[in-house]
Amino acid sequence: MTKTDSLDDHQDSIREIVSNEASTDNLYCPEVDTSGIDERKLMRRIDLHVIPWLSVLYLLNFLDRGSIGNAKLYRLETDLGITDRQYLIALTVFFFPYSLFEPASNVLLRRLRPSIWLSTMIFLWGVVMTLHGVIRDFGGLITVRVLLGLTEAGMYPGIVYYISSWYKRSEMGFKIALFFSSATVAGAFSGLLAAAIAKMDGIGGKAGWQWIFILEGLTTILASFASFWLIQDFPDNAKFLTKEEQVFVIRRLQVDSQFSAAGEQFRMKYVWQSLSDWKTWIAMGIYMGFDGPLYAFSLFTPSIINQLGFSATQANLLSVPVYVWGCIMTCVIGYFGDRIGKRAYINLALFGVGLTAYVILIISRTPGLSYFAVYLAVSAIYPTIPNSVAWVAGNVEGTYKRSVTLGMAIGFGNINGAVTTNIYRANDRPFYQLGHGIVLAYIAIGFICSATFAILLRRENMRRERGERDEVIDGVENKFADPNNGHYESVLAAKIDKGDAWSGFRYIY
């Protein structure tokens with residue numbers, strides 16, 4: 001028998017299994033009639049209820065996290081009596097609690113209601129942000145930075161996981177890009193906001209940098225109260241949907257190989273499935289490749305532009321068009337990523353642009369050329385993130401497994417911020433060659449891991465096409481079935497138990 005004949009036989013077996021399974025009563029809530037639902041109209045309603053407020057919250061999240069970079073330009077170091085090294089230490093300590101608590105936070109988000117867990121988190125980090133404005137010394141700065149990392153820990157991975165629970169794999173990229181683009185808006189807005197708030201210097205006996213923290217923190221606290229009502233829960237209990245609409249959304253996700261869309265009971269088995277999956281570890285490398293550069297870029301862009309010969313206010317204002325461009329590119333790449341579906345190639349192209357940008361920054365001695373390279377860098381770093389998040393999330397099935405995988409990958413990526421916040425040293429001014437070189441290395445790691453991820457996903461799909469992963473299913477004749485792959489009473493049981501390890505699941509690359 002030829003290889004082609006073997007593959008044809010396996011495809012016939014798969015069609016028979018699917019046909020047999022379709023004839024059984026495995027439809028979610030079969031008693032509910034969803035024939036009268038307009039899918040396009042329903043998804044537009046979901047978009048309006050899910051994405052806009054999450055974008056506002058992430059804007060506040062990124063604004064609060066990165067505002068210390070703007071505050072530094074307005075005498076923060078001088079007033080606190082700290083050195084440049086102490087400032088870098090304060091930036092570094094943020095990332096340890098921020099990264100370590102992300103996986104656990106995602107599990108809690110699934111077990112609790114998003115409207116409660118996320119809103120409580122937002123309130124706590126708003127309080128901590130406000131306290132930044134009353135600190136007096138280095139010890140106070142360290143304390144509030146550690147607390148900010150702890151209280152912000154679950155926000156980003158939580159939102160990503162939450163979005164992945166609402167949308168199909170072919171829709172996630174653009175949705176995540178829309179919400180993540182608020183980070184680029186925050187980058188632009190923070191420069192304008194800092195320049196405006198700094199004019200309050202001396203009011204109430206407080207410096208301009210203190211007012212930056214206080215006003216942004218109070219805004220976040222107000223947003224947390226609104227979030228209790230504006231954040232929706234998961235599809236199976238979202239209050240703005242009728243029962244029929246809830247069922248329709250869940251069935252829609254299950255057709256897209258999200259078999260656990262209706263929810264599942266927490267079991268430690270799902271955590272171990274994530275930790276023992278090679279995809280989790282390679283995803284951590286991909287996230288390392290863009291998160292390290294992200295934090296370096298967001299925290300030090302004003303300083304880099306400042307050292308090109310511009311004043312503090314000019315540097316903040318010149319960072320605005322950079323972030324606006326990044327916002328546009330993030331949304332454009334997210335849209336075409338969903339349409340094209342070739343997320344691996346998009347990642348490789350974006351990381352390639354990033355490599356080019358930082359080579360230019362290393363060798364350039366011309367302010368205009370360096371400023372152009374900053375545009376190239378934002379064009380690569382920011383769009384890579386939603387594309388990678390959608391790529392990883394779309395290749396992990398099982399609600400708890402996906403929550404742990406995303407938490408692990410994002411947490412590991414973020415802890416690299418502890419490295420990249422220390423690479424732009426004052427004594428390396430004005431060209432920061434060491435910092436740019438380290439960011440270049442991070443981007444190269446992201447490129448290599450993306451290529452590895454795509455190759456291994458393709459190889460695994462081919463194994464499944466050949467029937468090497470087929471399970472034994474009661475009542476189904478399949479000569480490719482192997483008891484070592486599992487023995488189940490039905491295809492549905494295999495899907496639920498194995499998630500993306502099920503032989504019928506196909507990875508996207």
# chains A, B, ... in the order shown; residues from 1 in each chain; ligands from 1
>>> residues_around(residues="stretch 418-425 of chain A", least_positions_apart="4", cutoff="6 Å", atoms="only C-alpha atoms", output="ChimeraX atom specification")
/A:88,92,95,292,296,435
>>> atom_distance(atom1="atom CA of A:Leu457", atom2="atom CA of A:Arg251")
25.8 Å
>>> atom_distance(atom1="atom CA of A:Pro97", atom2="atom CA of A:Ser403")
18.1 Å
>>> residues_around(residues="A:Val404", least_positions_apart="2", cutoff="7 Å", atoms="only C-alpha atoms", output="list in words")
Pro103, Asn106, Val107, Val271, Ser274, Tyr400, Lys401, Arg402, Leu406, Gly407 and Met408 of chain A
>>> write_last_selection(atoms="N, CA and C atoms", output="tab-separated table (two decimals), in the first residue's frame")
chain	number	residue	atom	x	y	z
A	103	PRO	N	-0.29	32.89	36.30
A	103	PRO	CA	-0.98	31.61	36.08
A	103	PRO	C	-2.08	31.36	37.11
A	106	ASN	N	-5.24	33.42	36.47
A	106	ASN	CA	-6.08	32.93	35.38
A	106	ASN	C	-6.98	31.79	35.83
A	107	VAL	N	-6.46	30.92	36.68
A	107	VAL	CA	-7.28	29.81	37.20
A	107	VAL	C	-8.41	30.37	38.05
A	271	VAL	N	-4.01	21.23	34.74
A	271	VAL	CA	-2.79	22.00	34.99
A	271	VAL	C	-1.57	21.22	34.52
A	274	SER	N	-1.07	21.13	30.79
A	274	SER	CA	-0.40	22.33	30.28
A	274	SER	C	1.10	22.29	30.54
A	400	TYR	N	-9.30	25.22	31.33
A	400	TYR	CA	-8.29	25.38	32.36
A	400	TYR	C	-6.88	25.21	31.80
A	401	LYS	N	-6.72	24.28	30.86
A	401	LYS	CA	-5.40	24.11	30.25
A	401	LYS	C	-4.98	25.38	29.54
A	402	ARG	N	-5.91	25.98	28.79
A	402	ARG	CA	-5.59	27.22	28.08
A	402	ARG	C	-5.28	28.34	29.06
A	406	LEU	N	-1.63	30.14	28.89
A	406	LEU	CA	-1.51	31.58	28.67
A	406	LEU	C	-0.86	32.27	29.87
A	407	GLY	N	-1.25	31.85	31.08
A	407	GLY	CA	-0.65	32.43	32.27
A	407	GLY	C	0.85	32.16	32.35
A	408	MET	N	1.25	30.93	32.02
A	408	MET	CA	2.67	30.57	32.04
A	408	MET	C	3.46	31.36	30.98
>>> residues_around(residues="stretch 34-45 of chain A", least_positions_apart="6", cutoff="9 Å", atoms="only C-alpha atoms", output="list in words")
Glu244, Glu245, Val247, Phe248 and Val249 of chain A
>>> write_last_selection(atoms="N, CA and C atoms", output="tab-separated table (two decimals), in the first residue's frame")
chain	number	residue	atom	x	y	z
A	244	GLU	N	-31.15	31.19	24.41
A	244	GLU	CA	-30.91	30.72	23.05
A	244	GLU	C	-29.58	31.26	22.51
A	245	GLU	N	-29.30	32.52	22.81
A	245	GLU	CA	-28.05	33.12	22.34
A	245	GLU	C	-26.84	32.52	23.04
A	247	VAL	N	-26.58	29.46	24.14
A	247	VAL	CA	-26.40	28.13	23.54
A	247	VAL	C	-25.78	28.25	22.16
A	248	PHE	N	-26.24	29.24	21.38
A	248	PHE	CA	-25.72	29.44	20.03
A	248	PHE	C	-24.21	29.72	20.07
A	249	VAL	N	-23.79	30.60	20.97
A	249	VAL	CA	-22.38	30.96	21.07
A	249	VAL	C	-21.54	29.74	21.46
>>> residues_around(residues="A:Cys327", least_positions_apart="2", cutoff="7 Å", atoms="only C-alpha atoms", output="list in words")
Ser181, Thr184, Val185, Tyr323, Val324, Trp325, Met329, Thr330 and Cys331 of chain A
